[in-house]
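A.B. asks: So here's data20.tsv (TSV, C-alpha atoms and all ligand atoms).
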chain	number	residue	atom	x	y	z
A	1	MET	CA	-24.68	24.63	-24.83
A	2	THR	CA	-27.46	23.25	-26.94
A	3	SER	CA	-25.63	20.01	-27.55
A	4	PHE	CA	-25.23	19.54	-23.81
A	5	ASP	CA	-28.92	20.23	-23.30
A	6	ALA	CA	-29.80	17.74	-25.99
A	7	LEU	CA	-27.53	15.14	-24.43
A	8	ALA	CA	-28.99	15.79	-21.01
A	9	THR	CA	-32.48	15.32	-22.39
A	10	LEU	CA	-31.47	12.13	-24.15
A	11	CYS	CA	-29.88	10.89	-20.97
A	12	LEU	CA	-33.03	11.63	-19.01
A	13	ALA	CA	-35.08	9.77	-21.57
A	14	LEU	CA	-32.73	6.81	-21.29
A	15	ALA	CA	-32.95	6.99	-17.53
A	16	GLN	CA	-36.70	6.89	-17.65
A	17	SER	CA	-36.75	3.90	-19.94
A	18	TRP	CA	-34.27	1.99	-17.80
A	19	GLY	CA	-35.86	-1.39	-17.20
A	20	GLY	CA	-39.26	0.25	-17.02
A	21	GLN	CA	-38.30	1.81	-13.72
A	22	ALA	CA	-38.45	5.40	-12.65
A	23	VAL	CA	-35.34	7.55	-12.77
A	24	PRO	CA	-33.04	6.25	-10.06
A	25	PRO	CA	-33.03	8.48	-7.01
A	26	LEU	CA	-30.36	11.12	-6.99
A	27	PHE	CA	-27.50	10.30	-4.70
A	28	PRO	CA	-28.07	12.03	-1.39
A	29	PRO	CA	-25.48	14.57	-0.33
A	30	PRO	CA	-22.56	12.66	1.13
A	31	SER	CA	-22.30	12.61	4.88
A	32	MET	CA	-19.49	14.47	6.51
A	33	GLN	CA	-18.00	11.30	7.88
A	34	SER	CA	-16.40	8.62	5.80
A	35	PRO	CA	-19.33	6.48	4.67
A	36	ALA	CA	-18.72	2.86	5.51
A	37	VAL	CA	-21.99	1.55	4.10
A	38	ALA	CA	-22.06	1.03	0.38
A	39	THR	CA	-23.75	-2.27	-0.31
A	40	PRO	CA	-27.50	-2.47	-0.25
A	41	ASP	CA	-27.82	-5.21	2.35
A	42	GLY	CA	-26.02	-3.89	5.35
A	43	GLY	CA	-22.62	-2.98	4.00
A	44	SER	CA	-20.04	-2.81	6.71
A	45	SER	CA	-21.87	-5.35	8.91
A	46	LEU	CA	-20.74	-7.94	6.36
A	47	LEU	CA	-17.22	-7.38	7.64
A	48	GLU	CA	-18.31	-8.79	10.96
A	49	LEU	CA	-19.16	-12.21	9.51
A	50	THR	CA	-17.05	-15.01	10.91
A	51	ASP	CA	-15.15	-17.21	8.47
A	52	GLU	CA	-17.77	-19.91	9.09
A	53	ASP	CA	-20.63	-17.56	8.21
A	54	LEU	CA	-18.72	-16.36	5.19
A	55	LEU	CA	-18.21	-19.89	3.89
A	56	GLU	CA	-21.90	-20.62	4.49
A	57	ARG	CA	-22.92	-17.55	2.48
A	58	VAL	CA	-20.51	-18.45	-0.30
A	59	ARG	CA	-22.16	-21.87	-0.48
A	60	SER	CA	-25.79	-20.94	-0.11
A	61	ASN	CA	-26.20	-17.35	-1.27
A	62	PRO	CA	-23.15	-15.59	-2.67
A	63	ALA	CA	-25.31	-12.71	-3.91
A	64	SER	CA	-26.01	-11.79	-0.29
A	65	LEU	CA	-22.37	-10.75	0.08
A	66	GLY	CA	-22.81	-7.75	-2.21
A	67	SER	CA	-19.96	-6.72	-4.48
A	68	LEU	CA	-16.59	-8.33	-3.90
A	69	SER	CA	-13.37	-6.95	-5.35
A	70	ILE	CA	-10.86	-9.77	-5.66
A	71	GLY	CA	-7.18	-9.52	-6.44
A	72	THR	CA	-5.64	-6.37	-7.86
A	73	PRO	CA	-6.68	-3.83	-10.50
A	74	GLY	CA	-4.09	-5.35	-12.84
A	75	GLY	CA	-5.09	-8.94	-12.16
A	76	GLY	CA	-8.43	-9.36	-10.50
A	77	ARG	CA	-12.10	-10.04	-10.76
A	78	VAL	CA	-15.43	-8.92	-9.34
A	79	LEU	CA	-18.25	-10.93	-7.85
A	80	ASN	CA	-21.73	-9.39	-7.85
A	81	GLY	CA	-20.75	-6.35	-9.90
A	82	VAL	CA	-23.34	-3.64	-10.50
A	83	PRO	CA	-23.84	-1.44	-13.57
A	84	LEU	CA	-23.45	2.31	-13.50
A	85	PRO	CA	-27.11	3.37	-13.63
A	86	PRO	CA	-28.33	5.98	-16.06
A	87	ASP	CA	-28.40	9.43	-14.49
A	88	PRO	CA	-29.02	12.85	-15.98
A	89	ARG	CA	-25.75	14.03	-14.48
A	90	TRP	CA	-23.59	11.73	-16.58
A	91	ILE	CA	-23.37	10.16	-19.99
A	92	ILE	CA	-21.97	6.68	-20.33
A	93	ALA	CA	-19.34	7.05	-23.05
A	94	PRO	CA	-19.84	5.24	-26.36
A	95	ALA	CA	-18.87	1.56	-26.11
A	96	ALA	CA	-17.93	1.94	-22.45
A	97	ILE	CA	-18.16	-1.15	-20.26
A	98	SER	CA	-19.30	0.26	-16.98
A	99	TRP	CA	-19.79	-2.32	-14.27
A	100	GLY	CA	-18.05	-1.99	-10.95
A	101	THR	CA	-18.45	-2.73	-7.28
A	102	ALA	CA	-21.33	-1.10	-5.42
A	103	GLU	CA	-18.85	1.05	-3.52
A	104	THR	CA	-17.23	2.31	-6.71
A	105	ILE	CA	-20.59	3.13	-8.28
A	106	GLU	CA	-21.61	4.95	-5.12
A	107	ALA	CA	-18.36	6.93	-5.05
A	108	ILE	CA	-18.96	8.11	-8.63
A	109	GLY	CA	-22.37	9.37	-7.53
A	110	VAL	CA	-20.96	11.17	-4.49
A	111	ALA	CA	-18.28	12.99	-6.51
A	112	VAL	CA	-20.56	14.03	-9.37
A	113	ALA	CA	-23.33	15.05	-6.94
A	114	THR	CA	-20.88	17.39	-5.23
A	115	VAL	CA	-20.21	19.24	-8.48
A	116	HIS	CA	-23.96	19.66	-8.97
A	117	GLU	CA	-24.44	20.85	-5.39
A	118	LEU	CA	-21.93	23.63	-6.04
A	119	PHE	CA	-22.99	24.33	-9.63
A	120	PRO	CA	-26.63	23.30	-10.12
A	121	ASP	CA	-26.59	24.01	-13.89
A	122	THR	CA	-23.75	21.60	-14.65
A	123	PRO	CA	-23.92	19.63	-17.91
A	124	PRO	CA	-23.45	15.86	-17.72
A	125	ILE	CA	-19.93	14.43	-17.53
A	126	PHE	CA	-18.82	11.47	-19.61
A	127	ILE	CA	-18.06	8.28	-17.70
A	128	GLY	CA	-15.97	5.78	-19.66
A	129	ASP	CA	-14.84	2.26	-18.90
A	130	ILE	CA	-15.15	0.81	-15.43
A	131	GLY	CA	-15.09	-2.95	-16.02
A	132	HIS	CA	-16.89	-6.13	-16.98
A	133	PRO	CA	-19.69	-7.42	-14.75
A	134	GLY	CA	-17.29	-10.04	-13.41
A	135	GLY	CA	-14.16	-7.92	-13.74
A	136	GLY	CA	-11.08	-9.46	-15.32
A	137	ARG	CA	-9.25	-8.32	-18.43
A	138	LEU	CA	-10.77	-5.35	-20.19
A	139	LYS	CA	-9.62	-4.48	-23.67
A	140	ARG	CA	-7.73	-1.19	-24.02
A	141	HIS	CA	-6.59	-1.38	-20.37
A	142	GLN	CA	-3.99	-2.97	-18.15
A	143	SER	CA	-6.07	-2.36	-15.04
A	144	HIS	CA	-9.85	-1.97	-14.62
A	145	GLN	CA	-10.01	-5.62	-13.52
A	146	SER	CA	-11.23	-5.47	-9.93
A	147	GLY	CA	-14.18	-3.07	-10.14
A	148	ARG	CA	-12.32	-0.09	-8.66
A	149	ASP	CA	-11.10	1.85	-11.71
A	150	VAL	CA	-13.20	4.46	-13.49
A	151	ASP	CA	-12.43	6.71	-16.46
A	152	PHE	CA	-14.04	10.12	-16.07
A	153	GLY	CA	-14.23	12.68	-18.85
A	154	PHE	CA	-13.52	16.34	-18.18
A	155	TYR	CA	-15.98	19.15	-17.61
A	156	HIS	CA	-15.60	21.35	-20.65
A	157	ARG	CA	-16.66	24.91	-21.35
A	158	PRO	CA	-19.95	25.22	-23.23
A	159	GLY	CA	-19.59	24.33	-26.88
A	160	THR	CA	-16.18	22.66	-26.48
A	161	GLY	CA	-14.87	19.22	-25.63
A	162	GLY	CA	-16.58	15.86	-25.90
A	163	TRP	CA	-15.57	12.38	-24.86
A	164	TYR	CA	-11.82	11.89	-25.14
A	165	ALA	CA	-11.14	15.48	-26.18
A	166	VAL	CA	-7.68	16.60	-25.07
A	167	GLY	CA	-8.07	18.92	-22.10
A	168	THR	CA	-6.56	22.38	-22.56
A	169	ALA	CA	-6.53	25.77	-20.85
A	170	GLY	CA	-9.00	26.83	-23.54
A	171	ASN	CA	-11.62	24.13	-23.16
A	172	LEU	CA	-11.52	22.95	-19.55
A	173	ASP	CA	-14.08	24.24	-17.09
A	174	LEU	CA	-11.63	24.54	-14.22
A	175	ASP	CA	-14.21	25.40	-11.56
A	176	ARG	CA	-16.15	22.20	-12.17
A	177	ASN	CA	-13.10	20.03	-12.72
A	178	TRP	CA	-11.57	21.22	-9.47
A	179	ALA	CA	-14.87	20.61	-7.64
A	180	LEU	CA	-14.87	17.06	-8.99
A	181	VAL	CA	-11.27	16.36	-8.04
A	182	ARG	CA	-11.70	17.94	-4.63
A	183	ALA	CA	-14.82	15.84	-4.04
A	184	LEU	CA	-12.99	12.66	-5.08
A	185	ILE	CA	-10.21	13.40	-2.59
A	186	VAL	CA	-12.24	14.76	0.29
A	187	ARG	CA	-15.56	12.94	0.01
A	188	THR	CA	-14.66	9.50	-1.37
A	189	ASP	CA	-12.07	6.83	-0.62
A	190	VAL	CA	-10.00	7.63	-3.69
A	191	GLU	CA	-6.71	5.80	-3.99
A	192	ARG	CA	-5.21	7.38	-7.10
A	193	ILE	CA	-6.05	9.81	-9.89
A	194	LEU	CA	-3.95	9.52	-13.05
A	195	LEU	CA	-3.74	12.78	-14.95
A	196	ASP	CA	-1.34	14.36	-17.40
A	197	THR	CA	1.07	16.86	-15.82
A	198	ARG	CA	-0.14	19.64	-18.11
A	199	ILE	CA	-3.66	19.31	-16.75
A	200	GLN	CA	-2.42	18.87	-13.20
A	201	ARG	CA	-0.70	22.24	-13.54
A	202	LEU	CA	-3.90	23.97	-14.73
A	203	LEU	CA	-5.92	22.51	-11.86
A	204	TYR	CA	-3.23	23.24	-9.28
A	205	ARG	CA	-2.98	26.88	-10.27
A	206	HIS	CA	-6.74	27.22	-10.32
A	207	ALA	CA	-7.06	25.66	-6.86
A	208	LEU	CA	-4.36	27.98	-5.54
A	209	SER	CA	-6.17	30.98	-7.01
A	210	LEU	CA	-9.33	29.93	-5.16
A	211	GLY	CA	-7.38	30.06	-1.91
A	212	GLU	CA	-6.65	26.37	-1.35
A	213	ASP	CA	-3.89	25.55	1.12
A	214	LYS	CA	-0.62	25.25	-0.79
A	215	GLU	CA	0.88	22.66	1.51
A	216	TRP	CA	-2.17	20.45	1.04
A	217	LEU	CA	-2.09	20.91	-2.74
A	218	ASP	CA	1.57	19.94	-2.76
A	219	ARG	CA	0.63	16.64	-1.15
A	220	VAL	CA	-2.31	16.08	-3.49
A	221	PHE	CA	-0.55	16.81	-6.79
A	222	GLN	CA	2.54	14.99	-7.93
A	223	PHE	CA	3.80	17.50	-10.46
A	224	SER	CA	4.49	20.32	-8.04
A	225	LYS	CA	6.92	18.55	-5.72
A	226	GLY	CA	7.12	15.16	-7.31
A	227	SER	CA	5.76	13.57	-4.15
A	228	ARG	CA	5.79	9.80	-4.47
A	229	ASP	CA	2.63	9.31	-2.47
A	230	ALA	CA	0.67	12.09	-4.17
A	231	ILE	CA	-2.89	11.13	-5.08
A	232	ILE	CA	-2.84	12.79	-8.52
A	233	ARG	CA	-0.04	11.38	-10.66
A	234	HIS	CA	1.14	11.67	-14.21
A	235	VAL	CA	0.87	8.66	-16.47
A	236	ARG	CA	1.04	9.03	-20.22
A	237	GLY	CA	-2.28	8.91	-22.01
A	238	HIS	CA	-4.24	10.80	-19.38
A	239	ARG	CA	-4.68	14.10	-21.15
A	240	THR	CA	-8.14	13.10	-22.36
A	241	HIS	CA	-9.67	11.75	-19.16
A	242	TYR	CA	-9.11	11.09	-15.50
A	243	HIS	CA	-8.33	7.53	-14.49
A	244	VAL	CA	-9.65	7.23	-10.96
A	245	ARG	CA	-9.04	4.29	-8.64
A	246	PHE	CA	-11.09	3.95	-5.50
A	247	PHE	CA	-10.46	1.99	-2.36
A	248	ASN	CA	-13.39	-0.30	-1.55
A	249	PRO	CA	-13.18	-0.85	2.21
A	250	ILE	CA	-15.88	-3.52	2.16
A	251	ALA	CA	-15.58	-5.16	-1.26
A	252	GLN	CA	-11.79	-5.48	-1.02
A	253	GLU	CA	-11.64	-6.83	2.51
A	254	LEU	CA	-14.60	-9.16	2.04
A	255	GLY	CA	-13.16	-10.24	-1.30
A	256	ARG	CA	-9.83	-11.02	0.32
A	257	ARG	CA	-11.46	-13.13	3.01
A	258	ALA	CA	-13.96	-14.88	0.75
A	259	HIS	CA	-11.53	-15.65	-2.04
A	260	PRO	CA	-10.26	-19.01	-0.73
A	261	PHE	CA	-13.86	-20.14	-0.15
A	262	LEU	CA	-14.91	-19.03	-3.63
A	263	VAL	CA	-12.05	-21.01	-5.11
A	264	GLN	CA	-12.84	-24.00	-2.94
A	265	GLU	CA	-16.50	-23.95	-4.06
A	266	GLY	CA	-15.52	-23.56	-7.71
A	267	ILE	CA	-17.19	-20.16	-8.04
A	268	VAL	CA	-13.96	-18.51	-9.16
A	269	PRO	CA	-10.95	-20.27	-10.65
A	270	PRO	CA	-7.75	-20.31	-8.65
A	271	PRO	CA	-5.32	-17.59	-9.60
A	272	VAL	CA	-2.26	-18.42	-11.65
A	273	TYR	CA	1.14	-17.70	-10.17
A	274	THR	CA	4.36	-17.67	-12.07
A	275	ILE	CA	7.34	-19.28	-10.45
A	276	ALA	CA	10.81	-18.66	-11.85
A	277	HIS	CA	12.78	-21.90	-12.10
A	278	VAL	CA	16.45	-22.09	-13.01
A	279	VAL	CA	17.01	-25.33	-14.91
A	280	ARG	CA	19.84	-27.56	-13.73
A	281	PRO	CA	21.74	-29.84	-16.07
A	282	GLY	CA	19.69	-32.94	-16.88
A	283	GLN	CA	16.30	-31.48	-15.93
A	284	THR	CA	13.57	-31.94	-18.52
A	285	LEU	CA	10.14	-30.45	-19.07
A	286	GLY	CA	8.73	-33.68	-17.63
A	287	HIS	CA	10.66	-33.14	-14.40
A	288	LEU	CA	9.34	-29.61	-14.06
A	289	ALA	CA	5.78	-30.65	-14.90
A	290	ARG	CA	5.79	-33.34	-12.20
A	291	ARG	CA	7.50	-31.17	-9.64
A	292	TYR	CA	5.04	-28.27	-9.96
A	293	GLY	CA	1.92	-30.25	-10.87
A	294	VAL	CA	1.36	-28.51	-14.20
A	295	SER	CA	1.27	-29.83	-17.75
A	296	VAL	CA	4.24	-29.85	-20.11
A	297	ASN	CA	2.16	-27.82	-22.54
A	298	ALA	CA	1.41	-25.15	-19.96
A	299	ILE	CA	5.14	-24.67	-19.35
A	300	LYS	CA	5.85	-24.61	-23.08
A	301	GLN	CA	3.15	-22.01	-23.60
A	302	ALA	CA	4.29	-19.81	-20.73
A	303	ASN	CA	7.79	-19.69	-22.19
A	304	GLY	CA	6.96	-19.64	-25.87
A	305	LEU	CA	8.80	-22.93	-26.43
A	306	ARG	CA	8.47	-24.74	-29.75
A	307	THR	CA	10.45	-27.78	-28.66
A	308	THR	CA	10.88	-29.72	-25.44
A	309	LEU	CA	14.53	-28.77	-25.11
A	310	LEU	CA	15.55	-26.86	-21.99
A	311	ARG	CA	18.85	-25.10	-21.53
A	312	ALA	CA	20.64	-25.58	-18.24
A	313	GLY	CA	21.20	-22.33	-16.39
A	314	ARG	CA	18.30	-20.58	-18.04
A	315	THR	CA	15.28	-19.35	-16.07
A	316	TYR	CA	11.87	-20.66	-17.12
A	317	ARG	CA	8.45	-19.45	-16.02
A	318	ILE	CA	6.21	-22.05	-14.40
A	319	PRO	CA	2.49	-21.15	-14.30
A	320	VAL	CA	1.09	-22.65	-11.11
A	321	ARG	CA	-2.59	-22.76	-10.25
A	322	THR	CA	-3.08	-22.57	-6.54
A	323	PRO	CA	-5.36	-20.90	-4.04
A	324	ALA	CA	-4.04	-17.45	-3.23
A	325	PRO	CA	-2.02	-17.11	-0.09
A	326	PRO	CA	-4.00	-14.82	2.18
A	327	PRO	CA	-2.85	-11.24	1.64
A	328	ASP	CA	-2.86	-8.80	4.53
A	329	PRO	CA	-6.13	-7.22	5.61
A	330	VAL	CA	-7.10	-4.22	3.52
A	331	VAL	CA	-6.39	-0.98	5.34
A	332	VAL	CA	-7.80	2.15	3.75
A	333	PRO	CA	-5.69	5.16	4.78
A	334	ALA	CA	-7.30	8.23	6.26
A	335	ARG	CA	-8.45	10.75	3.69
A	336	LEU	CA	-6.03	13.52	2.86
A	337	LEU	CA	-8.15	16.47	4.01
A	338	PRO	CA	-7.36	20.17	3.58
A	339	PRO	CA	-7.09	22.39	6.67
A	340	ASP	CA	-9.97	24.61	5.54
A	341	THR	CA	-12.42	25.39	2.75
A	342	PRO	CA	-11.93	28.44	0.50
A	343	ALA	CA	-14.82	30.91	0.51
A	344	ALA	CA	-15.46	30.23	-3.17
A	345	LEU	CA	-16.39	26.62	-2.33
A	346	SER	CA	-18.11	27.15	0.98
A	347	ALA	CA	-21.67	26.97	-0.34
A	348	ILE	CA	-21.59	23.31	0.74
A	349	ASP	CA	-20.07	21.51	3.70
A	350	TRP	CA	-16.69	19.89	3.16
A	351	PRO	CA	-14.86	17.82	5.73
A	352	THR	CA	-11.58	19.38	6.81
A	353	ALA	CA	-8.59	18.06	8.67
A	354	ALA	CA	-9.58	20.17	11.66
A	355	MET	CA	-12.70	18.06	12.20
A	356	PRO	CA	-12.46	15.27	14.75
A	357	GLY	CA	-13.55	11.76	13.91
A	358	PRO	CA	-12.54	8.93	11.62
A	359	ALA	CA	-12.51	11.15	8.54
A	360	GLY	CA	-9.82	13.38	10.03
A	361	GLY	CA	-6.97	13.07	7.58
A	362	ALA	CA	-4.22	14.72	9.60
A	363	ARG	CA	-1.09	12.63	9.57
A	401	ZN	ZN	-8.60	3.96	-16.97
Could I get this file's structure written as structure tokens?
C.D. replies:
Amino acid sequence: MTSFDALATLCLALAQSWGGQAVPPLFPPPSMQSPAVATPDGGSSLLELTDEDLLERVRSNPASLGSLSIGTPGGGRVLNGVPLPPDPRWIIAPAAISWGTAETIEAIGVAVATVHELFPDTPPIFIGDIGHPGGGRLKRHQSHQSGRDVDFGFYHRPGTGGWYAVGTAGNLDLDRNWALVRALIVRTDVERILLDTRIQRLLYRHALSLGEDKEWLDRVFQFSKGSRDAIIRHVRGHRTHYHVRFFNPIAQELGRRAHPFLVQEGIVPPPVYTIAHVVRPGQTLGHLARRYGVSVNAIKQANGLRTTLLRAGRTYRIPVRTPAPPPDPVVVPARLLPPDTPAALSAIDWPTAAMPGPAGGAR
């Protein structure tokens, strides 16, 4: 307990010294409806910009677009990323690189604030890697490239745990962990939570014991029924933290639309595509280089070639730089809401599937 208190105090001190500013305001309680505004300068209204306006902003004032999430978590980048601000309710893990889109940062605040609404005396949670200010490859990770992935620590019982401690029945604070997970699912646009099956089982049983709807839990958790579209899924290595991926309705859609303009204006480099080419007899590296407009060296590098010899019939990878073909518009699915709220959690308002409106998750 004392170590948590000390950490909380340290965190507060850090918060107060942040750029000479006051402690950032606590995130307000999330609204009942799906919040569409996440960027400081108007948020969702940015989605109404015409392509002409968008190009003009890209040219004259890209910062006015707010955060853009471009590409995919496994191959992407961020424009106008924002840092996770200091806050007494979390501790940025040692060596963590914690920049993301404004929407992602806001979603972290909403989820953690919910835990504190339910349990006012909650110790801070560790937040690990999110991404680089401009996204892109982040060491230790395959994803975390487009500003939408966040590693959360667990809430542990007093005197146990720490950053990257393996979560167990003995050290996990199941009430707070379930409140966090429930808030991520019900109050944010979460896309995916990666979590070891052993911890899924602990949380599932705890949620059931609180009176959560079993049918809903079976759609939320993968381990129980193995549902392919479950939000919480097992991936090895997630017994020490949650890997949480958020949808960013604004940053993703605006990023998709602005990407060709950003490439055209030289603000971001064009993405590299790999084309598979089956070599016909007589074709040389020079042929391929001319045909695809890339250098001989680039082809050699992409295929690990030491010589210029190609073998007919073999498939070679050709790295092509080109503006991205426009992907489909980003559609964020309705939230997967439970039918009701167990009495144990009813101290605060939670959206449920029974509520009308855009946040109604009934499918
Ligand atoms: Zn992660």
A.B. asks: State, in Å with one decimal place, the distance from CA of Leu210 (chain A) to CA of Ala347 (chain A).
C.D. replies: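 If I compute the distance from CA of Leu210 (chain A) to CA of Ala347 (chain A), I get 13.6 Å.
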A.B. asks: Using all atoms listed in the file for the distances, tell me which of A:Pro319, A:Pro62, A:Pro342, A:Gly153 is nearest to ligand ZN 401 (chain A).
C.D. replies: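 Using all atoms listed in the file, the shortest distance to ligand ZN 401 (chain A) belongs to A:Gly153.
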A.B. asks: So that I can see what lies close to Leu118 (chain A), please list as a ChimeraX atom specification the residues with an atom at most 8 Å from it, counting all atoms listed in the file and leaving out residues fewer than 4 positions away in the same chain.
C.D. replies: /A:114,179,345,347-348
A.B. asks: Under the rule that all atoms listed in the file are counted, which of A:Val235, A:Val181, A:Leu310, A:Leu285 is the nearest residue to Arg198 (chain A)?
C.D. replies: A:Val235
A.B. asks: Show me which residues are within 8 Å of ligand ZN 401 (chain A) counting all atoms listed in the file, and format the list as a list in words.
C.D. replies: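 Written in the requested form, the residues are Asp129, Ile130, His141, Ser143, His144, Asp149, Val150, Asp151, Tyr242, His243 and Val244 of chain A.
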A.B. asks: Which residues, written as a list in words, have at least one atom at most 12 Å from Gly167 (chain A), with all atoms listed in the file counted and residues fewer than 6 positions away on the same chain left out?
C.D. replies: Gly153, Phe154, Tyr155, His156, Arg157, Thr160, Gly161, Asp173, Leu174, Asn177, Leu195, Asp196, Thr197, Arg198, Ile199, Gln200, Arg201, Leu202, Leu203, Gly237, His238, Arg239, Thr240, His241 and Tyr242 of chain A
A.B. asks: Find the distance between CA of Trp90 (chain A) and CA of Gly71 (chain A) and write it in Å to one decimal.
C.D. replies: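 Pair CA of Trp90 (chain A) / CA of Gly71 (chain A) returns 28.7 Å.
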A.B. asks: How far is it from CA of Arg219 (chain A) to CA of Ile232 (chain A), in Å with one decimal?
C.D. replies: 9.0 Å
A.B. asks: Between A:Ser64, A:Ser295, A:Ser69, A:Thr188, which is the closest to Val110 (chain A) once you count only C-alpha atoms?
C.D. replies: A:Thr188
A.B. asks: Go through A:Arg306, A:Trp178, A:Leu184, A:Lys300 one by one, measure the shortest atom-to-atom distance of each to Ser209 (chain A) using all atoms listed in the file, and give the residue with the smallest value.
C.D. replies: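 Residue with the minimum atom-to-atom distance to Ser209 (chain A): A:Trp178.
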A.B. asks: With distances taken over all atoms listed in the file, which of A:Arg205, A:Arg335, A:Arg311, A:His259 is nearest to Thr284 (chain A)?
C.D. replies: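 Checking each candidate against Thr284 (chain A), we get A:Arg311 as the closest.
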A.B. asks: Mind checking which residues fall within 10 Å of region 80-83 of chain A, counting all atoms listed in the file, ignoring those fewer than 4 positions away in the same chain, and posting them as a list in words?
C.D. replies: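 The neighbour list is Pro62, Ala63, Ser64, Leu65, Gly66, Ser67, Leu68, Ser69, Ile97, Ser98, Trp99, Gly100, Thr101, Ala102, Glu103, Thr104, Ile105, Ile130, Gly131, His132, Pro133, Gly134, Gly135, Ser146, Gly147 and Ala251 of chain A.
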A.B. asks: Go through A:Pro260, A:Pro85, A:Pro124, A:Gly136 one by one, measure the shortest atom-to-atom distance of each to Phe152 (chain A) using all atoms listed in the file, and give the residue with the smallest value.
C.D. replies: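 Counting all atoms listed in the file, the residue closest to Phe152 (chain A) is A:Pro124.
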A.B. asks: Give me, as a compact mmCIF listing (two decimals) with C-alpha atoms, in the frame of the given file, all polymer residues having an atom no more than 8 Å from Glu212 (chain A), counting only C-alpha atoms and skipping those fewer than 2 positions away in the same chain.
C.D. replies:
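What ended up in out16.txt:
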# COMPACT_ATOMS: atom_id res chain seq x y z
CA ALA A 207 -7.06 25.66 -6.86
CA LEU A 208 -4.36 27.98 -5.54
CA SER A 209 -6.17 30.98 -7.01
CA LEU A 210 -9.33 29.93 -5.16
CA LYS A 214 -0.62 25.25 -0.79
CA TRP A 216 -2.17 20.45 1.04
CA LEU A 217 -2.09 20.91 -2.74
CA PRO A 338 -7.36 20.17 3.58
CA ASP A 340 -9.97 24.61 5.54
CA THR A 341 -12.42 25.39 2.75
CA PRO A 342 -11.93 28.44 0.50
A.B. asks: Find the spatial neighbours of Leu180 (chain A), counting all atoms listed in the file, within a cut-off of 8 Å - ignore same-chain residues fewer than 5 positions away - and output them as a PyMOL selection string.
C.D. replies: chain A and resi 111-112+114-115
